[in-house]
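One file, work_9.cif, carrying mmCIF, C-alpha atoms:
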```cif
data_work
#
loop_
_atom_site.group_PDB
_atom_site.id
_atom_site.type_symbol
_atom_site.label_atom_id
_atom_site.label_comp_id
_atom_site.auth_asym_id
_atom_site.auth_seq_id
_atom_site.Cartn_x
_atom_site.Cartn_y
_atom_site.Cartn_z
ATOM 1 C CA MET Y 30 12.739 87.684 10.690
ATOM 2 C CA SER Y 31 14.060 85.251 8.098
ATOM 3 C CA ALA Y 32 12.356 81.930 7.618
ATOM 4 C CA PRO Y 33 13.183 78.467 6.326
ATOM 5 C CA ALA Y 34 11.905 77.797 2.833
ATOM 6 C CA GLU Y 35 8.709 75.779 2.794
ATOM 7 C CA ARG Y 36 8.955 72.338 1.185
ATOM 8 C CA SER Y 37 6.198 70.804 -0.877
ATOM 9 C CA HIS Y 38 6.745 67.371 0.665
ATOM 10 C CA ALA Y 39 8.526 65.611 3.501
ATOM 11 C CA THR Y 40 9.478 61.999 4.108
ATOM 12 C CA VAL Y 41 6.953 60.621 6.582
ATOM 13 C CA GLY Y 42 8.604 58.775 9.454
ATOM 14 C CA LEU Y 43 11.998 60.416 9.001
ATOM 15 C CA VAL Y 44 13.409 62.657 11.747
ATOM 16 C CA SER Y 45 15.797 65.339 10.519
ATOM 17 C CA ILE Y 46 18.318 66.172 13.229
ATOM 18 C CA VAL Y 47 19.926 69.601 12.919
ATOM 19 C CA VAL Y 48 23.191 70.083 14.795
ATOM 20 C CA VAL Y 49 24.825 73.529 14.818
ATOM 21 C CA THR Y 50 28.572 73.657 15.408
ATOM 22 C CA ALA Y 51 31.074 76.457 16.004
ATOM 23 C CA ASP Y 52 34.506 75.231 17.094
ATOM 24 C CA SER Y 53 32.664 72.545 19.043
ATOM 25 C CA GLY Y 54 35.583 70.128 19.325
ATOM 26 C CA ALA Y 55 35.737 66.360 19.214
ATOM 27 C CA GLU Y 56 32.437 65.940 21.069
ATOM 28 C CA VAL Y 57 30.601 66.441 17.769
ATOM 29 C CA ILE Y 58 31.680 63.009 16.530
ATOM 30 C CA GLY Y 59 30.395 61.351 19.693
ATOM 31 C CA CYS Y 60 27.079 63.179 19.435
ATOM 32 C CA ILE Y 61 26.541 62.190 15.802
ATOM 33 C CA THR Y 62 27.564 58.588 16.465
ATOM 34 C CA ARG Y 63 24.908 58.280 19.174
ATOM 35 C CA VAL Y 64 22.284 59.884 16.923
ATOM 36 C CA LEU Y 65 22.972 57.469 14.083
ATOM 37 C CA GLY Y 66 22.325 54.584 16.484
ATOM 38 C CA SER Y 67 18.698 55.683 16.925
ATOM 39 C CA THR Y 68 15.976 53.053 16.681
ATOM 40 C CA THR Y 69 13.949 55.206 14.273
ATOM 41 C CA PRO Y 70 14.989 56.515 10.820
ATOM 42 C CA VAL Y 71 17.082 59.689 11.024
ATOM 43 C CA GLU Y 72 19.160 61.992 8.912
ATOM 44 C CA VAL Y 73 21.710 64.440 10.347
ATOM 45 C CA LEU Y 74 22.362 67.916 9.036
ATOM 46 C CA VAL Y 75 25.425 69.514 10.608
ATOM 47 C CA VAL Y 76 25.384 73.271 10.058
ATOM 48 C CA ASP Y 77 28.824 74.676 10.783
ATOM 49 C CA ASN Y 78 29.318 78.321 11.705
ATOM 50 C CA ALA Y 79 32.839 78.799 10.312
ATOM 51 C CA SER Y 80 34.687 76.442 12.680
ATOM 52 C CA ARG Y 81 38.483 76.703 12.618
ATOM 53 C CA ASP Y 82 39.420 74.028 15.139
ATOM 54 C CA GLY Y 83 39.506 71.176 12.624
ATOM 55 C CA SER Y 84 36.501 69.431 14.167
ATOM 56 C CA ILE Y 85 34.356 69.621 11.033
ATOM 57 C CA GLU Y 86 37.099 68.168 8.844
ATOM 58 C CA GLN Y 87 37.499 65.301 11.316
ATOM 59 C CA MET Y 88 33.762 64.701 11.359
ATOM 60 C CA ALA Y 89 33.530 64.825 7.566
ATOM 61 C CA ALA Y 90 36.211 62.160 7.306
ATOM 62 C CA ARG Y 91 34.589 60.014 9.987
ATOM 63 C CA PHE Y 92 31.150 59.946 8.316
ATOM 64 C CA ALA Y 93 32.194 60.284 4.666
ATOM 65 C CA ASP Y 94 30.587 56.947 3.749
ATOM 66 C CA ASP Y 95 27.300 57.508 5.592
ATOM 67 C CA PRO Y 96 24.704 59.187 3.342
ATOM 68 C CA ARG Y 97 22.572 60.027 6.376
ATOM 69 C CA VAL Y 98 25.054 62.749 7.372
ATOM 70 C CA ARG Y 99 25.270 66.042 5.490
ATOM 71 C CA ILE Y 100 27.422 69.053 6.319
ATOM 72 C CA LEU Y 101 26.385 72.605 5.481
ATOM 73 C CA ARG Y 102 29.227 75.093 5.935
ATOM 74 C CA ASN Y 103 28.717 78.783 6.551
ATOM 75 C CA GLU Y 104 31.558 81.129 5.663
ATOM 76 C CA ALA Y 105 30.807 83.206 8.766
ATOM 77 C CA ASN Y 106 29.175 82.631 12.147
ATOM 78 C CA LEU Y 107 25.500 83.303 11.421
ATOM 79 C CA GLY Y 108 24.325 82.648 14.959
ATOM 80 C CA PHE Y 109 22.389 79.702 16.336
ATOM 81 C CA GLY Y 110 18.894 80.466 15.054
ATOM 82 C CA ALA Y 111 19.959 81.345 11.530
ATOM 83 C CA ALA Y 112 22.031 78.158 11.296
ATOM 84 C CA CYS Y 113 19.088 76.067 12.542
ATOM 85 C CA ASN Y 114 16.859 77.660 9.915
ATOM 86 C CA ARG Y 115 19.339 76.761 7.204
ATOM 87 C CA GLY Y 116 19.481 73.167 8.376
ATOM 88 C CA ALA Y 117 15.702 72.870 8.593
ATOM 89 C CA ALA Y 118 15.323 74.272 5.074
ATOM 90 C CA ALA Y 119 17.554 71.509 3.713
ATOM 91 C CA ALA Y 120 15.959 68.722 5.755
ATOM 92 C CA ASN Y 121 13.802 65.931 4.334
ATOM 93 C CA GLY Y 122 11.986 64.644 7.418
ATOM 94 C CA ASP Y 123 8.499 65.410 8.676
ATOM 95 C CA VAL Y 124 9.934 66.034 12.168
ATOM 96 C CA ILE Y 125 12.762 68.450 12.964
ATOM 97 C CA LEU Y 126 14.966 67.769 15.995
ATOM 98 C CA LEU Y 127 17.317 70.576 16.988
ATOM 99 C CA LEU Y 128 20.220 69.145 18.976
ATOM 100 C CA ASN Y 129 23.314 70.695 20.540
ATOM 101 C CA PRO Y 130 26.586 68.890 19.734
ATOM 102 C CA ASP Y 131 27.299 68.455 23.466
ATOM 103 C CA CYS Y 132 24.127 66.418 24.078
ATOM 104 C CA ILE Y 133 24.303 62.642 24.533
ATOM 105 C CA ILE Y 134 21.120 60.790 23.607
ATOM 106 C CA ASP Y 135 20.075 57.155 24.008
ATOM 107 C CA ALA Y 136 19.108 54.883 21.145
ATOM 108 C CA ASP Y 137 15.380 55.277 21.855
ATOM 109 C CA THR Y 138 15.359 59.036 22.590
ATOM 110 C CA VAL Y 139 14.360 60.151 19.097
ATOM 111 C CA ALA Y 140 11.620 57.528 18.827
ATOM 112 C CA ARG Y 141 10.183 58.529 22.212
ATOM 113 C CA LEU Y 142 10.103 62.203 21.237
ATOM 114 C CA ARG Y 143 8.380 61.347 17.970
ATOM 115 C CA ALA Y 144 5.787 59.312 19.869
ATOM 116 C CA VAL Y 145 4.988 62.314 22.075
ATOM 117 C CA LEU Y 146 4.535 64.567 19.030
ATOM 118 C CA GLU Y 147 2.254 62.006 17.379
ATOM 119 C CA SER Y 148 0.098 61.535 20.490
ATOM 120 C CA ASP Y 149 -1.862 64.763 19.964
ATOM 121 C CA THR Y 150 -2.270 67.076 16.969
ATOM 122 C CA ARG Y 151 -1.811 70.044 19.324
ATOM 123 C CA MET Y 152 1.743 69.010 20.172
ATOM 124 C CA GLY Y 153 3.880 71.766 18.751
ATOM 125 C CA LEU Y 154 7.263 71.428 20.433
ATOM 126 C CA VAL Y 155 8.795 68.865 22.789
ATOM 127 C CA GLY Y 156 11.854 69.071 25.027
ATOM 128 C CA VAL Y 157 13.346 66.787 27.674
ATOM 129 C CA LEU Y 158 14.883 66.938 31.125
ATOM 130 C CA GLN Y 159 18.529 67.807 30.574
ATOM 131 C CA ILE Y 160 21.020 66.639 33.158
ATOM 132 C CA ASP Y 161 24.723 67.123 33.788
ATOM 133 C CA ALA Y 162 27.268 64.348 34.294
ATOM 134 C CA GLU Y 163 26.287 64.108 37.978
ATOM 135 C CA GLY Y 164 22.594 63.752 37.172
ATOM 136 C CA HIS Y 165 21.520 67.244 38.240
ATOM 137 C CA VAL Y 166 18.578 68.604 36.245
ATOM 138 C CA ASP Y 167 19.126 71.884 34.389
ATOM 139 C CA PRO Y 168 16.332 74.334 35.408
ATOM 140 C CA ALA Y 169 16.288 75.580 31.797
ATOM 141 C CA SER Y 170 14.741 72.242 30.794
ATOM 142 C CA ARG Y 171 11.301 73.555 31.787
ATOM 143 C CA ARG Y 172 10.667 77.235 32.347
ATOM 144 C CA ARG Y 173 8.088 79.941 32.549
ATOM 145 C CA ASP Y 174 8.260 82.962 30.270
ATOM 146 C CA PRO Y 175 10.824 85.358 31.836
ATOM 147 C CA LEU Y 176 8.393 88.208 32.404
ATOM 148 C CA PHE Y 177 9.660 91.242 34.323
ATOM 149 C CA ARG Y 178 7.552 90.393 37.369
ATOM 150 C CA ARG Y 179 8.778 86.802 37.466
ATOM 151 C CA ALA Y 180 12.396 87.888 37.026
ATOM 152 C CA LEU Y 181 12.052 90.145 40.057
ATOM 153 C CA MET Y 182 10.573 87.317 42.121
ATOM 154 C CA SER Y 183 13.504 85.091 41.227
ATOM 155 C CA ALA Y 184 16.109 87.822 41.749
ATOM 156 C CA PHE Y 185 14.908 88.621 45.269
ATOM 157 C CA GLY Y 186 14.229 85.027 46.277
ATOM 158 C CA LEU Y 187 10.512 85.606 46.669
ATOM 159 C CA ASP Y 188 9.717 82.690 44.367
ATOM 160 C CA ARG Y 189 10.227 80.336 47.323
ATOM 161 C CA PHE Y 190 6.819 81.439 48.547
ATOM 162 C CA ALA Y 191 5.117 80.506 45.256
ATOM 163 C CA THR Y 192 3.768 77.209 46.606
ATOM 164 C CA ARG Y 193 1.582 79.128 49.002
ATOM 165 C CA TRP Y 194 1.092 82.273 46.933
ATOM 166 C CA PRO Y 195 1.229 81.548 43.171
ATOM 167 C CA SER Y 196 1.628 85.246 42.361
ATOM 168 C CA PHE Y 197 5.186 84.951 43.706
ATOM 169 C CA ALA Y 198 6.174 82.445 41.003
ATOM 170 C CA GLY Y 199 9.523 83.091 39.342
ATOM 171 C CA VAL Y 200 11.018 81.985 36.045
ATOM 172 C CA ASP Y 201 12.122 78.533 37.239
ATOM 173 C CA MET Y 202 9.488 75.866 37.803
ATOM 174 C CA PRO Y 203 9.393 73.555 40.838
ATOM 175 C CA PRO Y 204 11.508 70.376 40.569
ATOM 176 C CA ALA Y 205 10.095 67.808 38.163
ATOM 177 C CA THR Y 206 10.086 65.012 40.745
ATOM 178 C CA SER Y 207 6.309 65.166 41.141
ATOM 179 C CA ALA Y 208 5.479 66.477 37.671
ATOM 180 C CA PRO Y 209 3.629 64.326 35.102
ATOM 181 C CA ALA Y 210 5.586 62.469 32.440
ATOM 182 C CA ILE Y 211 4.179 64.813 29.775
ATOM 183 C CA GLU Y 212 3.987 68.365 31.097
ATOM 184 C CA ALA Y 213 2.810 71.543 29.379
ATOM 185 C CA VAL Y 214 5.307 74.355 30.026
ATOM 186 C CA ASP Y 215 6.024 77.825 28.693
ATOM 187 C CA ALA Y 216 9.455 76.950 27.345
ATOM 188 C CA VAL Y 217 12.108 74.256 27.108
ATOM 189 C CA SER Y 218 15.828 74.501 26.429
ATOM 190 C CA GLY Y 219 17.050 75.035 22.878
ATOM 191 C CA ALA Y 220 19.733 72.386 23.402
ATOM 192 C CA LEU Y 221 17.105 69.807 22.372
ATOM 193 C CA MET Y 222 13.797 70.696 20.750
ATOM 194 C CA ALA Y 223 11.613 68.492 18.542
ATOM 195 C CA LEU Y 224 8.892 69.948 16.314
ATOM 196 C CA PRO Y 225 6.668 68.725 13.501
ATOM 197 C CA ARG Y 226 8.082 70.187 10.321
ATOM 198 C CA ALA Y 227 4.712 71.799 9.556
ATOM 199 C CA VAL Y 228 4.752 73.676 12.870
ATOM 200 C CA PHE Y 229 8.328 74.891 12.379
ATOM 201 C CA GLU Y 230 7.404 76.248 8.965
ATOM 202 C CA GLN Y 231 4.107 77.732 10.177
ATOM 203 C CA VAL Y 232 5.868 79.882 12.791
ATOM 204 C CA ARG Y 233 8.645 80.666 10.266
ATOM 205 C CA GLY Y 234 11.420 79.071 12.259
ATOM 206 C CA PHE Y 235 13.743 80.976 14.539
ATOM 207 C CA ASP Y 236 13.804 84.747 14.748
ATOM 208 C CA GLU Y 237 17.236 85.519 13.323
ATOM 209 C CA GLY Y 238 17.313 88.833 15.161
ATOM 210 C CA TYR Y 239 18.780 86.799 18.034
ATOM 211 C CA PHE Y 240 22.367 85.647 17.642
ATOM 212 C CA LEU Y 241 22.815 83.402 20.667
ATOM 213 C CA HIS Y 242 20.536 82.840 23.686
ATOM 214 C CA CYS Y 243 16.808 83.499 24.179
ATOM 215 C CA GLU Y 244 15.897 82.438 20.641
ATOM 216 C CA ASP Y 245 14.592 79.211 22.170
ATOM 217 C CA LEU Y 246 12.298 81.171 24.502
ATOM 218 C CA ASP Y 247 11.107 83.170 21.498
ATOM 219 C CA LEU Y 248 10.366 80.067 19.424
ATOM 220 C CA CYS Y 249 8.468 78.400 22.265
ATOM 221 C CA ARG Y 250 6.384 81.528 22.790
ATOM 222 C CA ARG Y 251 5.440 81.779 19.112
ATOM 223 C CA VAL Y 252 4.567 78.073 18.949
ATOM 224 C CA ARG Y 253 2.192 78.596 21.885
ATOM 225 C CA ASP Y 254 0.782 81.773 20.333
ATOM 226 C CA ALA Y 255 0.016 79.715 17.205
ATOM 227 C CA GLY Y 256 -2.240 77.477 19.292
ATOM 228 C CA TYR Y 257 0.078 74.545 19.943
ATOM 229 C CA ARG Y 258 1.398 73.044 23.178
ATOM 230 C CA VAL Y 259 5.001 73.203 24.336
ATOM 231 C CA ILE Y 260 5.795 70.035 26.266
ATOM 232 C CA CYS Y 261 8.580 68.780 28.495
ATOM 233 C CA ALA Y 262 8.857 64.991 28.393
ATOM 234 C CA ASN Y 263 9.927 64.583 32.008
ATOM 235 C CA ASP Y 264 10.484 60.848 31.628
ATOM 236 C CA VAL Y 265 13.139 61.399 28.939
ATOM 237 C CA ARG Y 266 16.578 62.479 30.150
ATOM 238 C CA VAL Y 267 19.537 63.634 28.073
ATOM 239 C CA VAL Y 268 23.033 64.468 29.282
ATOM 240 C CA HIS Y 269 23.974 67.997 28.243
ATOM 241 C CA GLY Y 270 27.622 69.014 28.448
ATOM 242 C CA LYS Y 271 26.990 72.788 28.433
ATOM 243 C CA GLY Y 272 28.842 74.083 25.425
ATOM 244 C CA GLY Y 273 32.432 73.380 24.507
ATOM 245 C CA SER Y 274 32.721 76.380 22.202
ATOM 246 C CA SER Y 275 31.058 78.796 24.638
ATOM 247 C CA ARG Y 276 33.666 78.223 27.345
ATOM 248 C CA HIS Y 277 36.344 79.767 25.147
ATOM 249 C CA ARG Y 278 34.356 82.964 24.499
ATOM 250 C CA PRO Y 279 32.550 83.859 27.743
ATOM 251 C CA VAL Y 280 32.411 87.629 27.110
ATOM 252 C CA PHE Y 281 31.105 87.120 23.571
ATOM 253 C CA VAL Y 282 28.438 84.723 24.840
ATOM 254 C CA ALA Y 283 27.432 86.989 27.743
ATOM 255 C CA TRP Y 284 27.095 89.981 25.393
ATOM 256 C CA HIS Y 285 24.751 88.138 23.055
ATOM 257 C CA LYS Y 286 22.809 86.665 25.971
ATOM 258 C CA ARG Y 287 22.011 90.216 27.153
ATOM 259 C CA ARG Y 288 21.051 91.250 23.637
ATOM 260 C CA GLY Y 289 18.693 88.271 23.495
ATOM 261 C CA MET Y 290 17.154 89.120 26.859
ATOM 262 C CA TRP Y 291 16.435 92.671 25.702
ATOM 263 C CA ARG Y 292 14.938 91.508 22.409
ATOM 264 C CA TRP Y 293 12.620 89.023 24.126
ATOM 265 C CA PHE Y 294 11.562 91.634 26.673
ATOM 266 C CA THR Y 295 10.646 94.220 24.036
ATOM 267 C CA LYS Y 296 8.790 91.663 21.874
ATOM 268 C CA PHE Y 297 6.692 89.844 24.458
ATOM 269 C CA ASP Y 298 6.650 91.418 27.916
ATOM 270 C CA PRO Y 299 3.719 93.797 28.587
ATOM 271 C CA ALA Y 300 6.018 95.669 30.982
ATOM 272 C CA ALA Y 301 7.985 96.886 27.960
ATOM 273 C CA ARG Y 302 5.105 99.197 27.077
ATOM 274 C CA ASN Y 303 5.956 101.286 30.144
ATOM 275 C CA PRO Y 304 8.735 103.761 29.148
ATOM 276 C CA LEU Y 305 10.147 103.923 32.676
ATOM 277 C CA LEU Y 306 10.338 100.143 33.001
ATOM 278 C CA ARG Y 307 12.008 99.909 29.586
ATOM 279 C CA VAL Y 308 14.759 102.221 30.793
ATOM 280 C CA LEU Y 309 15.131 100.373 34.093
ATOM 281 C CA VAL Y 310 15.306 96.970 32.424
ATOM 282 C CA TRP Y 311 17.804 98.178 29.807
ATOM 283 C CA CYS Y 312 20.024 99.645 32.516
ATOM 284 C CA GLY Y 313 19.709 96.511 34.634
ATOM 285 C CA ILE Y 314 20.641 94.171 31.781
ATOM 286 C CA TRP Y 315 23.724 96.096 30.696
ATOM 287 C CA SER Y 316 24.861 97.008 34.213
ATOM 288 C CA ALA Y 317 24.871 93.315 35.062
ATOM 289 C CA PHE Y 318 26.899 92.609 31.931
ATOM 290 C CA ALA Y 319 29.448 95.332 32.746
ATOM 291 C CA ALA Y 320 29.825 94.023 36.295
ATOM 292 C CA SER Y 321 30.461 90.495 35.021
ATOM 293 C CA VAL Y 322 33.146 91.370 32.466
ATOM 294 C CA PRO Y 323 36.191 91.200 34.813
ATOM 295 C CA LEU Y 324 35.207 87.735 36.024
ATOM 296 C CA LEU Y 325 34.482 86.615 32.460
ATOM 297 C CA PHE Y 326 37.943 87.691 31.294
ATOM 298 C CA LEU Y 327 39.434 85.788 34.228
ATOM 299 C CA LEU Y 328 37.434 82.722 33.231
ATOM 300 C CA ARG Y 329 38.667 82.994 29.668
ATOM 301 C CA ARG Y 330 42.286 83.106 30.849
ATOM 302 C CA ARG Y 331 41.761 80.016 32.987
ATOM 303 C CA VAL Y 332 40.229 78.116 30.084
ATOM 304 C CA ALA Y 333 43.090 79.157 27.817
ATOM 305 C CA ARG Y 334 45.662 77.977 30.352
ATOM 306 C CA ALA Y 335 43.875 74.654 30.806
ATOM 307 C CA ALA Y 336 43.883 74.133 27.034
#
```

Show how you would write the structure in this file as structure tokens.
Amino acid sequence: MSAPAERSHATVGLVSIVVVTADSGAEVIGCITRVLGSTTPVEVLVVDNASRDGSIEQMAARFADDPRVRILRNEANLGFGAACNRGAAAANGDVILLLNPDCIIDADTVARLRAVLESDTRMGLVGVLQIDAEGHVDPASRRRDPLFRRALMSAFGLDRFATRWPSFAGVDMPPATSAPAIEAVDAVSGALMALPRAVFEQVRGFDEGYFLHCEDLDLCRRVRDAGYRVICANDVRVVHGKGGSSRHRPVFVAWHKRRGMWRWFTKFDPAARNPLLRVLVWCGIWSAFAASVPLLFLLRRRVARAA
């Protein structure tokens, strides 16, 4: 697992916002514009994974006179985690905020996240409730570790009995309507994650063995294993557009999602120590992928026609 280079100093009070792009379209400019309007000092590091849609050139021209924005270009697509690590290594702030280019934040979002991190020295990683354009909360905003047992409960619908029998709990948590404003969870979504720089460096950043998907679950798990808390700030909401670049490559994304699921399972799930369960899980993951391919190709054709 590669790691970001440790820095001997960081600018106290500065939040370094790392945005990874890969043919992400015009939405990048809107995302960066909102970030630069934050009420707390920020810098933005855009790490581009070999975009060819012209979006990075447009963004570079738009923010050419703003020294707070830096662009790091990769000659190839390194994957999400590796690109985040590169951005974090070049950052100057004492807080790292990892932000998807399709997220829309408010002017006070960054300051509120920083306040949560500063409220307790055990705060290791903070996420938010992510919503779509209609205001629906993404279940990935606050999750349990996707252990084999929990995945089965969710797959067979048995998690609906978890209120009465906690052993039936699945991966998704109950709706956040009655949850506290600051809630300890197993994992939050990688679309927005804030960490003290010292914590990010202590856990050696993202595991670059993942290319896309599940690296956020991995990072949250290792932050918790290091003795810190992973928190969802349920009173902070961010609109998440769900990936402009991913819609054009559904098979590619689904393939790497399954690879990520397998990697997380073999690293962290006690069930992986059982040879029979390893075989069953491997077969289940890749059978589900194979079954989805025809529909994914159809989706890709529809997206291409719409474009």

Subject >> Selection under test: the PyMOL selection byres ((chain Y and resi 85) around 10); residues as a PyMOL selection string >> reply: chain Y and resi 50-55+57-58+75-77+79-84+86-91+100+102

Subject >> Distance in Å - CA of Val98 (chain Y) versus CA of Asn121 (chain Y) >> reply: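 That distance, rounded to one decimal, is 12.1 Å.
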
Original post:
What separation in Å, quoted to one decimal, exists between CA of Ile160 (chain Y) and CA of Val268 (chain Y)?
Top reply: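 Computed distance, CA of Ile160 (chain Y) to CA of Val268 (chain Y), equals 4.9 Å.
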
Original post:
So which residues touch region 129-134 of chain Y within 9 Å, counting only C-alpha atoms, skipping near sequence neighbours fewer than 5 positions away, as a list of chain:residue names?
Top reply: Y:Val47, Y:Val48, Y:Val49, Y:Thr50, Y:Ser53, Y:Glu56, Y:Val57, Y:Ile58, Y:Gly59, Y:Cys60, Y:Ile61, Y:Arg63, Y:Val64, Y:Ser67, Y:Val139, Y:Gln159, Y:Gly219, Y:Ala220, Y:Leu221, Y:Arg266, Y:Val267, Y:Val268, Y:His269, Y:Gly270, Y:Lys271, Y:Gly272, Y:Gly273

Once the PyMOL selection byres ((chain Y and resi 250) around 9) has been applied to the shown file, what residues remain in the selection, as a PDB file with C-alpha atoms, keeping the file's coordinate frame?
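selection_12.pdb, freshly written:
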```pdb
ATOM      1  CA  ASP Y 174       8.260  82.962  30.270  1.00  0.00           C
ATOM      2  CA  ASP Y 215       6.024  77.825  28.693  1.00  0.00           C
ATOM      3  CA  ALA Y 216       9.455  76.950  27.345  1.00  0.00           C
ATOM      4  CA  ASP Y 245      14.592  79.211  22.170  1.00  0.00           C
ATOM      5  CA  LEU Y 246      12.298  81.171  24.502  1.00  0.00           C
ATOM      6  CA  ASP Y 247      11.107  83.170  21.498  1.00  0.00           C
ATOM      7  CA  LEU Y 248      10.366  80.067  19.424  1.00  0.00           C
ATOM      8  CA  CYS Y 249       8.468  78.400  22.265  1.00  0.00           C
ATOM      9  CA  ARG Y 251       5.440  81.779  19.112  1.00  0.00           C
ATOM     10  CA  VAL Y 252       4.567  78.073  18.949  1.00  0.00           C
ATOM     11  CA  ARG Y 253       2.192  78.596  21.885  1.00  0.00           C
ATOM     12  CA  ASP Y 254       0.782  81.773  20.333  1.00  0.00           C
ATOM     13  CA  ALA Y 255       0.016  79.715  17.205  1.00  0.00           C
ATOM     14  CA  VAL Y 259       5.001  73.203  24.336  1.00  0.00           C
ATOM     15  CA  PHE Y 297       6.692  89.844  24.458  1.00  0.00           C
TER      16      PHE Y 297
END
```

Original post:
Written as a PyMOL selection string, what is the full residue list that the PyMOL selection byres ((chain Y and resi 141-148) around 12) yields on the file shown?
Top reply: chain Y and resi 41-45+67-71+122-127+134-140+149-158+210-213+221-228+257-267

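Distance-wise, CA of Cys312 (chain Y) and CA of Asp236 (chain Y) end up 24.0 Å apart.
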
Proximity of region 87-179 of chain Y to region 285-289 of chain Y: per-residue shortest pair, 12 Å limit, only C-alpha atoms, as a tab-separated table:
```
residue	atom	partner	partner_atom	distance
Y:Gly108	CA	Y:His285	CA	9.8
Y:Phe109	CA	Y:His285	CA	11.0
Y:Gly110	CA	Y:Gly289	CA	11.5
Y:Pro175	CA	Y:Gly289	CA	11.8
```
